[in-house]
$ cat final16.txt   # compact mmCIF, C-alpha atoms and all ligand atoms
# COMPACT_ATOMS: atom_id res chain seq x y z
CA MET A 1307 36.31 -8.85 21.66
CA SER A 1308 33.16 -6.80 21.09
CA PHE A 1309 31.59 -5.16 18.04
CA GLU A 1310 31.99 -1.75 19.72
CA SER A 1311 35.74 -2.25 19.98
CA LEU A 1312 35.93 -2.81 16.22
CA GLY A 1313 34.84 0.80 15.77
CA LEU A 1314 31.21 0.26 14.80
CA SER A 1315 28.51 2.81 15.56
CA PRO A 1316 25.88 2.20 18.27
CA ALA A 1317 23.18 1.74 15.60
CA LEU A 1318 25.12 -1.10 13.97
CA VAL A 1319 26.09 -2.68 17.29
CA ARG A 1320 22.43 -2.65 18.25
CA ALA A 1321 21.56 -4.48 15.03
CA THR A 1322 24.20 -7.16 15.65
CA ARG A 1323 22.83 -7.66 19.16
CA GLU A 1324 19.35 -8.04 17.78
CA ARG A 1325 20.61 -10.77 15.48
CA ALA A 1326 22.13 -12.51 18.53
CA TYR A 1327 25.71 -12.03 17.37
CA LEU A 1328 27.38 -12.13 20.76
CA GLU A 1329 30.87 -11.38 19.56
CA PRO A 1330 32.54 -10.94 16.19
CA THR A 1331 33.83 -14.02 14.35
CA ALA A 1332 37.48 -14.20 13.23
CA ILE A 1333 36.75 -12.90 9.73
CA GLN A 1334 34.83 -9.98 11.25
CA VAL A 1335 37.66 -9.16 13.65
CA GLY A 1336 40.07 -9.10 10.71
CA ALA A 1337 37.97 -7.48 8.01
CA ILE A 1338 35.90 -4.83 9.79
CA PRO A 1339 38.67 -2.50 11.01
CA ALA A 1340 40.54 -2.85 7.68
CA ALA A 1341 37.44 -2.16 5.60
CA LEU A 1342 36.52 0.79 7.84
CA ARG A 1343 39.81 2.47 7.03
CA ALA A 1344 39.12 1.92 3.31
CA ALA A 1345 41.78 -0.77 2.81
CA ASP A 1346 41.31 -3.57 0.30
CA VAL A 1347 40.57 -6.95 1.88
CA LEU A 1348 41.28 -10.47 0.70
CA GLY A 1349 39.21 -12.88 2.77
CA CYS A 1350 39.76 -16.59 2.49
CA ALA A 1351 36.63 -17.62 4.30
CA GLN A 1352 34.64 -20.79 4.49
CA THR A 1353 30.88 -20.68 4.32
CA GLY A 1354 29.38 -20.06 7.73
CA SER A 1355 32.28 -17.91 8.91
CA GLY A 1356 30.19 -14.74 9.18
CA LYS A 1357 31.73 -13.11 6.10
CA THR A 1358 28.54 -11.36 5.00
CA ALA A 1359 28.44 -9.22 8.12
CA ALA A 1360 32.23 -8.82 7.82
CA PHE A 1361 31.71 -6.72 4.69
CA ALA A 1362 28.16 -5.42 5.30
CA LEU A 1363 28.90 -3.72 8.64
CA PRO A 1364 31.86 -1.56 7.48
CA ILE A 1365 30.07 -0.66 4.24
CA LEU A 1366 27.01 0.49 6.17
CA GLN A 1367 29.13 2.44 8.61
CA ARG A 1368 31.14 4.21 5.93
CA LEU A 1369 28.04 5.07 3.94
CA SER A 1370 26.28 6.51 6.94
CA ASP A 1371 29.40 8.41 8.07
CA ILE A 1372 30.11 10.28 4.88
CA ARG A 1373 27.97 13.16 3.86
CA ARG A 1374 26.67 11.81 0.63
CA ASP A 1375 26.69 14.68 -1.82
CA ARG A 1376 24.63 12.66 -4.15
CA PRO A 1377 22.48 10.25 -2.16
CA ARG A 1378 20.93 7.35 -4.03
CA GLN A 1379 23.97 6.97 -6.28
CA VAL A 1380 25.29 3.42 -6.07
CA HIS A 1381 28.16 3.67 -3.59
CA ALA A 1382 28.59 -0.01 -2.79
CA LEU A 1383 28.21 -2.89 -5.22
CA ILE A 1384 28.16 -6.49 -4.03
CA LEU A 1385 28.45 -9.13 -6.73
CA VAL A 1386 27.30 -12.62 -5.88
CA PRO A 1387 27.02 -15.81 -7.97
CA THR A 1388 23.42 -16.88 -7.33
CA ARG A 1389 20.01 -15.38 -6.79
CA GLU A 1390 19.65 -17.14 -3.44
CA LEU A 1391 22.86 -15.57 -2.22
CA ALA A 1392 21.75 -12.18 -3.56
CA ALA A 1393 18.52 -12.42 -1.56
CA GLN A 1394 20.36 -13.59 1.53
CA VAL A 1395 23.10 -10.95 1.42
CA GLY A 1396 20.49 -8.25 0.68
CA ASP A 1397 18.48 -9.36 3.73
CA THR A 1398 21.57 -9.20 5.93
CA PHE A 1399 22.24 -5.62 4.75
CA ARG A 1400 18.65 -4.58 5.41
CA ASN A 1401 18.62 -6.15 8.87
CA LEU A 1402 21.91 -4.61 9.88
CA ALA A 1403 20.93 -1.20 8.49
CA GLN A 1404 17.62 -0.92 10.30
CA TYR A 1405 18.75 1.40 13.12
CA LEU A 1406 20.89 3.76 11.05
CA PRO A 1407 19.79 7.36 11.59
CA GLU A 1408 19.51 7.98 7.86
CA PRO A 1409 17.90 5.18 5.89
CA LEU A 1410 19.92 3.65 3.07
CA LYS A 1411 18.28 2.19 0.01
CA ILE A 1412 19.42 -1.35 -0.75
CA ALA A 1413 18.51 -2.89 -4.13
CA ILE A 1414 18.66 -6.65 -4.71
CA LEU A 1415 18.96 -7.61 -8.37
CA PHE A 1416 19.02 -11.07 -9.89
CA GLY A 1417 17.90 -12.86 -13.02
CA GLY A 1418 15.23 -15.50 -13.52
CA VAL A 1419 12.45 -13.06 -12.64
CA SER A 1420 10.90 -10.21 -14.59
CA ILE A 1421 13.22 -7.22 -14.99
CA ASN A 1422 10.45 -4.59 -14.76
CA PRO A 1423 9.87 -4.55 -11.00
CA GLN A 1424 13.63 -4.27 -10.51
CA MET A 1425 13.73 -1.33 -12.94
CA MET A 1426 10.87 0.31 -11.06
CA GLY A 1427 12.65 -0.35 -7.77
CA LEU A 1428 15.73 1.47 -9.04
CA ARG A 1429 13.79 4.64 -9.79
CA GLY A 1430 15.18 7.32 -7.58
CA GLY A 1431 18.46 5.41 -7.31
CA ALA A 1432 19.93 3.13 -4.66
CA ASP A 1433 22.84 3.42 -2.23
CA ILE A 1434 23.80 -0.24 -2.10
CA VAL A 1435 23.27 -2.82 -4.85
CA VAL A 1436 23.52 -6.56 -4.31
CA ALA A 1437 23.41 -8.30 -7.69
CA THR A 1438 24.24 -11.24 -9.87
CA PRO A 1439 26.43 -10.04 -12.76
CA GLY A 1440 24.15 -10.87 -15.71
CA ARG A 1441 21.08 -9.04 -14.46
CA LEU A 1442 23.20 -6.12 -13.27
CA LEU A 1443 24.55 -5.64 -16.80
CA ASP A 1444 21.03 -5.89 -18.27
CA LEU A 1445 19.93 -3.10 -15.97
CA VAL A 1446 22.96 -0.97 -16.79
CA GLU A 1447 22.20 -1.45 -20.48
CA HIS A 1448 18.60 -0.34 -19.82
CA ASN A 1449 20.03 2.77 -18.13
CA ALA A 1450 18.28 1.76 -14.93
CA LEU A 1451 21.42 2.42 -12.93
CA ARG A 1452 24.95 3.80 -13.23
CA LEU A 1453 28.01 2.40 -11.57
CA GLY A 1454 30.32 5.40 -11.97
CA ASP A 1455 30.08 6.37 -8.26
CA VAL A 1456 30.86 2.99 -6.77
CA GLN A 1457 33.33 3.42 -3.91
CA THR A 1458 33.36 -0.15 -2.66
CA LEU A 1459 33.14 -3.32 -4.71
CA VAL A 1460 32.60 -6.67 -3.00
CA LEU A 1461 33.10 -9.96 -4.79
CA ASP A 1462 31.41 -12.58 -2.66
CA GLU A 1463 32.16 -16.26 -3.35
CA ALA A 1464 34.54 -15.25 -6.13
CA ASP A 1465 35.44 -18.88 -6.82
CA ARG A 1466 31.80 -19.67 -7.50
CA LEU A 1467 31.41 -16.58 -9.72
CA LEU A 1468 34.18 -17.90 -11.95
CA ASP A 1469 32.99 -21.53 -11.74
CA LEU A 1470 29.61 -20.45 -13.03
CA GLY A 1471 31.20 -18.82 -16.06
CA PHE A 1472 30.76 -15.19 -15.00
CA ALA A 1473 34.30 -14.12 -15.98
CA ASP A 1474 33.16 -12.12 -19.05
CA GLU A 1475 30.28 -10.44 -17.24
CA LEU A 1476 32.63 -9.60 -14.40
CA ALA A 1477 35.09 -7.97 -16.79
CA ARG A 1478 32.27 -5.91 -18.29
CA VAL A 1479 31.05 -4.80 -14.87
CA LEU A 1480 34.59 -3.77 -13.90
CA GLU A 1481 34.74 -1.51 -16.96
CA GLU A 1482 31.74 0.40 -15.60
CA LEU A 1483 33.39 1.09 -12.24
CA PRO A 1484 35.69 3.95 -11.34
CA ALA A 1485 39.32 2.87 -11.17
CA ARG A 1486 39.78 4.33 -7.67
CA ARG A 1487 37.71 2.28 -5.29
CA GLN A 1488 37.90 -0.12 -2.38
CA ASN A 1489 37.78 -3.84 -3.21
CA LEU A 1490 36.68 -6.52 -0.78
CA PHE A 1491 37.29 -9.98 -2.15
CA PHE A 1492 35.95 -13.16 -0.53
CA SER A 1493 36.40 -16.72 -1.66
CA ALA A 1494 36.37 -20.12 0.03
CA THR A 1495 38.99 -21.52 -2.35
CA PHE A 1496 41.83 -19.99 -4.37
CA PRO A 1497 42.43 -21.93 -7.58
CA PRO A 1498 44.73 -20.09 -10.08
CA ALA A 1499 41.94 -18.21 -11.90
CA VAL A 1500 40.60 -16.80 -8.61
CA GLN A 1501 44.10 -15.89 -7.43
CA SER A 1502 44.84 -14.03 -10.64
CA LEU A 1503 41.54 -12.13 -10.43
CA ALA A 1504 42.45 -11.17 -6.85
CA ASP A 1505 45.92 -10.06 -7.98
CA GLN A 1506 44.36 -7.96 -10.73
CA LEU A 1507 41.80 -6.26 -8.47
CA LEU A 1508 43.40 -5.74 -5.11
CA ARG A 1509 45.96 -3.16 -3.97
CA ASP A 1510 47.95 -4.08 -0.86
CA PRO A 1511 45.07 -6.04 0.57
CA VAL A 1512 44.76 -6.98 4.20
CA ARG A 1513 44.72 -10.77 4.04
CA ILE A 1514 42.47 -12.72 6.34
CA GLU A 1515 42.47 -16.49 6.31
CA VAL A 1516 40.08 -17.97 8.77
CA ALA A 1517 39.89 -21.47 7.32
CA ALA A 1518 43.38 -22.19 8.63
CA GLU A 1519 42.39 -21.55 12.22
CA PRO A 1520 41.16 -24.79 13.72
CA GLU A 1521 38.73 -23.14 16.14
CA GLU A 1522 37.02 -21.43 13.21
CA LYS A 1523 36.67 -24.65 11.23
CA PRO A 1524 32.99 -25.54 11.07
CA ASP A 1525 32.17 -28.40 13.39
CA ILE A 1526 31.05 -30.94 10.80
CA LEU A 1527 31.26 -34.66 11.44
CA GLN A 1528 31.90 -36.32 8.08
CA ARG A 1529 30.66 -39.86 7.61
CA ALA A 1530 30.80 -42.19 4.60
CA ILE A 1531 28.39 -45.09 4.43
CA GLU A 1532 28.94 -47.90 1.95
CA VAL A 1533 25.67 -48.92 0.32
CA ASP A 1534 24.38 -50.36 -2.94
CA THR A 1535 22.84 -47.95 -5.44
CA ALA A 1536 19.38 -49.51 -5.12
CA LYS A 1537 19.43 -49.39 -1.31
CA ARG A 1538 20.08 -45.66 -0.95
CA THR A 1539 16.47 -44.53 -0.53
CA PRO A 1540 15.67 -47.19 2.11
CA LEU A 1541 18.91 -46.24 3.89
CA LEU A 1542 17.95 -42.56 3.75
CA ARG A 1543 14.53 -43.35 5.22
CA HIS A 1544 16.20 -45.43 7.93
CA LEU A 1545 18.61 -42.61 8.84
CA ILE A 1546 15.89 -39.95 8.89
CA LYS A 1547 13.93 -42.04 11.38
CA GLU A 1548 16.84 -43.37 13.41
CA GLN A 1549 18.80 -40.12 13.71
CA GLY A 1550 15.73 -38.05 14.52
CA TRP A 1551 16.86 -35.18 12.23
CA THR A 1552 14.38 -32.35 12.36
CA ARG A 1553 15.66 -31.21 8.96
CA VAL A 1554 17.98 -32.66 6.37
CA LEU A 1555 19.29 -31.41 3.03
CA VAL A 1556 19.84 -34.26 0.57
CA PHE A 1557 22.00 -33.72 -2.51
CA VAL A 1558 21.44 -35.67 -5.73
CA ALA A 1559 22.97 -35.38 -9.18
CA THR A 1560 20.02 -34.41 -11.37
CA LYS A 1561 16.72 -32.60 -11.37
CA TYR A 1562 15.03 -35.90 -12.21
CA ALA A 1563 16.60 -37.53 -9.14
CA THR A 1564 15.35 -34.72 -6.87
CA GLU A 1565 11.79 -35.51 -7.92
CA LEU A 1566 12.19 -39.28 -7.80
CA VAL A 1567 13.71 -39.31 -4.30
CA CYS A 1568 11.03 -36.90 -3.03
CA HIS A 1569 8.35 -39.11 -4.48
CA LYS A 1570 9.78 -42.23 -2.82
CA LEU A 1571 10.15 -40.49 0.54
CA GLY A 1572 6.58 -39.23 0.20
CA LEU A 1573 5.35 -42.81 -0.21
CA ALA A 1574 6.99 -43.57 3.13
CA GLY A 1575 5.19 -40.65 4.77
CA ILE A 1576 8.22 -38.32 4.85
CA HIS A 1577 7.51 -34.77 3.72
CA ALA A 1578 10.15 -33.81 1.14
CA GLN A 1579 10.39 -31.14 -1.57
CA ALA A 1580 12.63 -30.91 -4.61
CA PHE A 1581 14.94 -27.91 -5.14
CA HIS A 1582 16.65 -27.41 -8.48
CA GLY A 1583 17.49 -24.77 -11.05
CA GLU A 1584 14.41 -25.28 -13.19
CA LEU A 1585 11.95 -24.38 -10.47
CA SER A 1586 10.52 -20.90 -10.74
CA GLN A 1587 12.03 -18.33 -8.41
CA GLY A 1588 8.75 -18.24 -6.47
CA ALA A 1589 8.83 -22.01 -5.95
CA ARG A 1590 12.46 -21.92 -4.85
CA THR A 1591 11.79 -19.16 -2.35
CA GLN A 1592 8.78 -21.06 -1.01
CA VAL A 1593 10.72 -24.30 -0.51
CA LEU A 1594 13.51 -22.45 1.26
CA SER A 1595 11.25 -20.50 3.55
CA ASP A 1596 9.28 -23.66 4.46
CA PHE A 1597 12.56 -25.42 5.18
CA LYS A 1598 13.93 -22.54 7.26
CA ALA A 1599 10.70 -22.35 9.23
CA SER A 1600 10.80 -26.15 9.81
CA ARG A 1601 7.53 -26.66 7.96
CA LEU A 1602 9.43 -29.04 5.73
CA GLN A 1603 11.65 -31.86 6.99
CA VAL A 1604 13.55 -32.84 3.87
CA VAL A 1605 14.78 -30.90 0.84
CA VAL A 1606 16.24 -32.92 -2.03
CA ALA A 1607 18.43 -30.64 -4.11
CA THR A 1608 20.91 -30.42 -6.94
CA ASP A 1609 24.11 -28.42 -6.50
CA VAL A 1610 22.07 -25.24 -7.01
CA ALA A 1611 21.59 -25.38 -3.23
CA ALA A 1612 25.22 -26.14 -2.43
CA ARG A 1613 26.34 -22.54 -2.12
CA GLY A 1614 25.00 -19.52 -0.45
CA ILE A 1615 22.00 -21.12 1.15
CA ASP A 1616 21.97 -20.37 4.82
CA VAL A 1617 19.61 -22.46 6.90
CA ALA A 1618 20.23 -21.82 10.57
CA ARG A 1619 20.81 -24.92 12.69
CA LEU A 1620 20.61 -27.42 9.84
CA PRO A 1621 21.69 -30.62 11.57
CA ALA A 1622 22.45 -32.84 8.59
CA VAL A 1623 23.43 -32.98 4.94
CA VAL A 1624 23.34 -36.20 2.93
CA ASN A 1625 25.22 -36.79 -0.31
CA TYR A 1626 22.84 -39.30 -1.87
CA ASP A 1627 24.85 -38.87 -5.08
CA LEU A 1628 28.42 -37.73 -4.65
CA PRO A 1629 29.30 -34.26 -5.95
CA ARG A 1630 31.46 -33.97 -9.04
CA SER A 1631 34.33 -32.16 -7.40
CA ALA A 1632 36.00 -31.70 -4.04
CA VAL A 1633 35.10 -28.00 -4.18
CA ASP A 1634 31.42 -28.88 -4.53
CA TYR A 1635 31.83 -31.35 -1.66
CA THR A 1636 33.16 -28.57 0.59
CA HIS A 1637 30.27 -26.31 -0.32
CA ARG A 1638 27.65 -29.01 0.16
CA ILE A 1639 28.82 -30.08 3.59
CA GLY A 1640 29.25 -26.41 4.56
CA ARG A 1641 25.44 -26.07 4.61
CA THR A 1642 25.55 -27.70 8.06
CA GLY A 1643 27.81 -26.89 11.03
CA ARG A 1644 27.33 -23.17 10.42
CA ALA A 1645 28.04 -20.35 12.87
CA GLY A 1646 29.34 -22.48 15.71
CA GLN A 1647 26.67 -25.18 15.51
CA SER A 1648 27.70 -28.77 14.96
CA GLY A 1649 26.41 -30.83 12.07
CA VAL A 1650 26.80 -34.13 10.30
CA ALA A 1651 27.52 -34.68 6.60
CA ILE A 1652 26.90 -38.22 5.37
CA SER A 1653 28.04 -39.45 1.95
CA PHE A 1654 26.55 -42.56 0.43
CA VAL A 1655 29.42 -44.41 -1.23
CA THR A 1656 28.21 -47.00 -3.73
CA PRO A 1657 30.73 -49.56 -5.01
CA ASP A 1658 31.10 -47.76 -8.34
CA ALA A 1659 31.60 -44.37 -6.62
CA GLU A 1660 34.35 -45.54 -4.23
CA ALA A 1661 37.20 -44.44 -6.52
CA HIS A 1662 35.57 -41.03 -7.01
CA PHE A 1663 35.11 -40.54 -3.27
CA ARG A 1664 38.78 -41.42 -2.71
CA LEU A 1665 39.68 -38.64 -5.11
CA ILE A 1666 37.49 -36.17 -3.18
CA GLU A 1667 39.15 -37.25 0.08
CA LYS A 1668 42.58 -36.79 -1.47
CA ARG A 1669 41.75 -33.29 -2.74
CA GLN A 1670 40.48 -32.16 0.62
CA GLY A 1671 43.30 -33.91 2.45
CA GLU A 1672 41.02 -35.75 4.82
CA ARG A 1673 40.13 -39.41 5.02
CA VAL A 1674 36.58 -40.32 6.05
CA PRO A 1675 36.27 -43.82 7.58
CA ARG A 1676 33.89 -46.12 5.71
CA GLU A 1677 30.92 -47.50 7.63
CA GLN A 1678 28.28 -50.07 6.90
CA ILE A 1679 24.84 -50.02 8.47
CA PRO A 1680 23.37 -53.41 9.48
CA GLY A 1681 20.69 -54.37 6.98
CA PHE A 1682 22.18 -52.12 4.27
CA GLU A 1683 25.57 -53.75 3.68
CA PRO A 1684 26.52 -53.55 0.00
CA VAL A 1685 26.55 -56.72 -2.07
CA GLU A 1686 27.26 -55.15 -5.50
CA ALA A 1687 30.78 -55.76 -6.76
CA ALA A 1688 33.03 -52.78 -7.37
CA PRO A 1689 33.55 -52.38 -11.10
CA GLY A 1690 37.03 -53.06 -12.47
CA PRO A 1691 38.55 -50.63 -14.96
CA VAL A 1692 36.25 -50.45 -17.98
CA SER A 1693 37.95 -51.21 -21.28
CA ASP A 1694 36.92 -49.25 -24.32
CA VAL A 1695 37.01 -50.54 -27.87
CA ASN A 1696 40.66 -49.71 -28.27
CA GLY A 1697 41.66 -51.53 -25.12
CA GLY A 1698 42.35 -48.33 -23.12
CA VAL A 1699 40.97 -47.61 -19.69
CA LYS A 1700 37.80 -45.52 -19.69
CA GLY A 1701 38.59 -41.89 -19.13
CA GLN A 1702 42.11 -42.22 -20.47
CA ARG A 1703 43.39 -42.09 -24.01
CA PRO A 1704 44.57 -45.48 -25.23
CA SER A 1705 48.33 -45.66 -25.32
CA LYS A 1706 50.24 -46.86 -28.36
CA LYS A 1707 50.63 -50.20 -26.62
CA ASP A 1708 46.86 -50.41 -25.98
CA LYS A 1709 46.22 -49.79 -29.67
CA LEU A 1710 48.72 -52.46 -30.70
CA ARG A 1711 47.18 -54.94 -28.29
CA ALA A 1712 43.65 -54.16 -29.54
CA ALA A 1713 44.79 -54.57 -33.16
CA ALA A 1714 46.44 -57.90 -32.31
CA ALA A 1715 43.24 -59.06 -30.58
CA ARG A 1716 41.24 -58.19 -33.69
CA GLY A 1717 43.69 -60.32 -35.66
CA GLY A 1718 44.81 -57.34 -37.68
CA SER A 1719 48.24 -56.01 -38.29
CA SER A 1720 49.47 -52.80 -36.71
CA THR A 1721 51.42 -51.76 -39.76
P1 LIG B 1 27.88 -16.15 6.49
O1 LIG B 1 29.23 -16.82 6.59
O2 LIG B 1 27.95 -14.70 6.26
O3 LIG B 1 26.99 -16.86 5.48
O4 LIG B 1 27.17 -16.28 7.92
C1 LIG B 1 26.79 -17.51 8.44
C2 LIG B 1 25.81 -17.39 9.62
O5 LIG B 1 26.47 -16.83 10.74
C3 LIG B 1 24.61 -16.50 9.36
O6 LIG B 1 23.48 -17.21 9.84
C4 LIG B 1 24.87 -15.28 10.21
O7 LIG B 1 23.65 -14.70 10.66
C5 LIG B 1 25.67 -15.83 11.36
N1 LIG B 1 26.61 -14.88 11.96
C6 LIG B 1 27.34 -13.92 11.35
N2 LIG B 1 28.11 -13.26 12.23
C7 LIG B 1 27.89 -13.82 13.43
C8 LIG B 1 28.40 -13.58 14.77
N3 LIG B 1 29.31 -12.64 15.00
N4 LIG B 1 27.94 -14.37 15.75
C9 LIG B 1 27.03 -15.32 15.51
N5 LIG B 1 26.50 -15.60 14.30
C10 LIG B 1 26.93 -14.86 13.28
$ encode --input "final16.txt" --output "structure tokens"
Amino acid sequence: MSFESLGLSPALVRATRERAYLEPTAIQVGAIPAALRAADVLGCAQTGSGKTAAFALPILQRLSDIRRDRPRQVHALILVPTRELAAQVGDTFRNLAQYLPEPLKIAILFGGVSINPQMMGLRGGADIVVATPGRLLDLVEHNALRLGDVQTLVLDEADRLLDLGFADELARVLEELPARRQNLFFSATFPPAVQSLADQLLRDPVRIEVAAEPEEKPDILQRAIEVDTAKRTPLLRHLIKEQGWTRVLVFVATKYATELVCHKLGLAGIHAQAFHGELSQGARTQVLSDFKASRLQVVVATDVAARGIDVARLPAVVNYDLPRSAVDYTHRIGRTGRAGQSGVAISFVTPDAEAHFRLIEKRQGERVPREQIPGFEPVEAAPGPVSDVNGGVKGQRPSKKDKLRAAAARGGSST
């Protein structure tokens, strides 16, 4: 299968070739012809499946095909959950658009940076807008852009948009859009809220599920290493040296932990940088570009980096702290094994996190064998169920019986 045979113009095919896309991925084979004929699309696509080009290519083609009566009116709107993803998707559009005979203006809008340059950038309009919902609404309220001419709406990583609490903003953006439009909807997971949003937005969508096809599953070797809490940094150092990773993305639970782990790795001569939501946008961009250019070996990040970040040929991801949910786990490990490359995702399982990891395994329907590394075998005991003051098990409400037992133990009467 070739990009030409999907109906793309020579200018777009040339751009894919330049990006070394040899042939379309499954999501591209499914979505491009459907989107070109203006159908709605529902894409159930894992990270790394090539979904950005799957919506960017047909949008670019349709925009360059039609005679735009009013150029520089927003004709395509792409909503994304994070600023990193906005920058990344915007870059993909610009790269793929570079050989089009008539240039298209692509605006990238996200919060956390001053609004003024974005307002200036919108002077004279834009053909394609890639935005996070909050900043987009701010700009609409400032009359910096209008959304009444949008012909195609893309929701990228819809599950993450809802997870991050963008439901209200999304509803407000939808009010600004014309009712007749094309909707392209992409999500890695379909919990009920995402499904009902898809049902509300899409008309007779062409459904494409690439996650179910084994050959499209990212090639990620999952490993789980049992280790004591206090031995995780030495184990990480050991793995970095022993495995010879050129680059590794390490996930921890808090901003504080990103800095602490970086500091400890630095003492061992390993160049690491922290990446978390409280860094300035400039600092985040710098860390990412150093990492992408291999000027930086280790990035220690919170879940801010779990979605949307695309680092080509990232060989390894380490869960130093486990993620809170199975969905976050999927997104974290999806940073490696992208676009046909293989990768390894290692989770450190401390004795007190064993039960939580079992839950993650259960949710994703896959068991990861436990390993121990010589010299780092755990000696901490796994905690038993923790009793609270009422005699219940932590995390559960005490039952009537628990309360009676606790009252009896206190020597009181239950009546
Ligand atoms: P995405 O799922 O859109 O985040 O894309 C993941 C990675 O795959 C990006 O680095 C893309 O540049 C790359 N990619 C997209 N389409 C193709 C293709 N047809 N062949 C090879 N790589 C691709």
$ axis_aligned_box --input "final16.txt" --around "ligand LIG 1 (chain B)" --padding-each-side "6 Å" --output "AutoDock Vina command-line options"
--center_x 26.4 --center_y -15.1 --center_z 10.6 --size_x 17.8 --size_y 16.9 --size_z 22.3
$ residues_near_ligand --input "final16.txt" --ligand "ligand LIG 1 (chain B)" --cutoff "6 Å" --atoms "only C-alpha atoms and all ligand atoms" --output "list in words"
Tyr1327, Leu1328, Glu1329, Pro1330, Thr1331, Thr1353, Gly1354, Ser1355, Gly1356, Lys1357, Thr1358, Ala1359, Ala1618 and Ala1645 of chain A
$ closest_residue --input "final16.txt" --among "A:Asn1489, A:Gln1404, A:Gln1379, A:Ser1370" --to "Ala1337 (chain A)" --atoms "only C-alpha atoms"
A:Asn1489
$ residues_around --input "final16.txt" --residues "Gly1440 (chain A)" --least-positions-apart "2" --cutoff "8 Å" --atoms "only C-alpha atoms" --output "ChimeraX atom specification"
/A:1416-1417,1438,1442-1444,1472,1475
$ atom_distance --input "final16.txt" --atom1 "CA of Leu1585 (chain A)" --atom2 "CA of Asp1465 (chain A)"
24.4 Å
$ atom_distance --input "final16.txt" --atom1 "CA of Asp1627 (chain A)" --atom2 "CA of Thr1656 (chain A)"
8.9 Å
$ closest_residue --input "final16.txt" --among "A:Leu1527, A:Ala1574, A:Ile1666, A:Ala1589" --to "Ser1648 (chain A)" --atoms "only C-alpha atoms"
A:Leu1527
$ closest_residue --input "final16.txt" --among "A:Thr1591, A:Leu1571, A:Ala1599, A:Arg1638" --to "Leu1555 (chain A)" --atoms "all atoms listed in the file"
A:Arg1638
$ closest_residue --input "final16.txt" --among "A:Val1685, A:Ala1344, A:Val1386, A:Leu1415" --to "Leu1470 (chain A)" --atoms "only C-alpha atoms"
A:Val1386
$ atom_distance --input "final16.txt" --atom1 "CA of Leu1594 (chain A)" --atom2 "CA of Phe1581 (chain A)"
8.5 Å
$ closest_residue --input "final16.txt" --among "A:Asp1609, A:Asp1371, A:Glu1667, A:Asp1469" --to "Gln1528 (chain A)" --atoms "all atoms listed in the file"
A:Glu1667
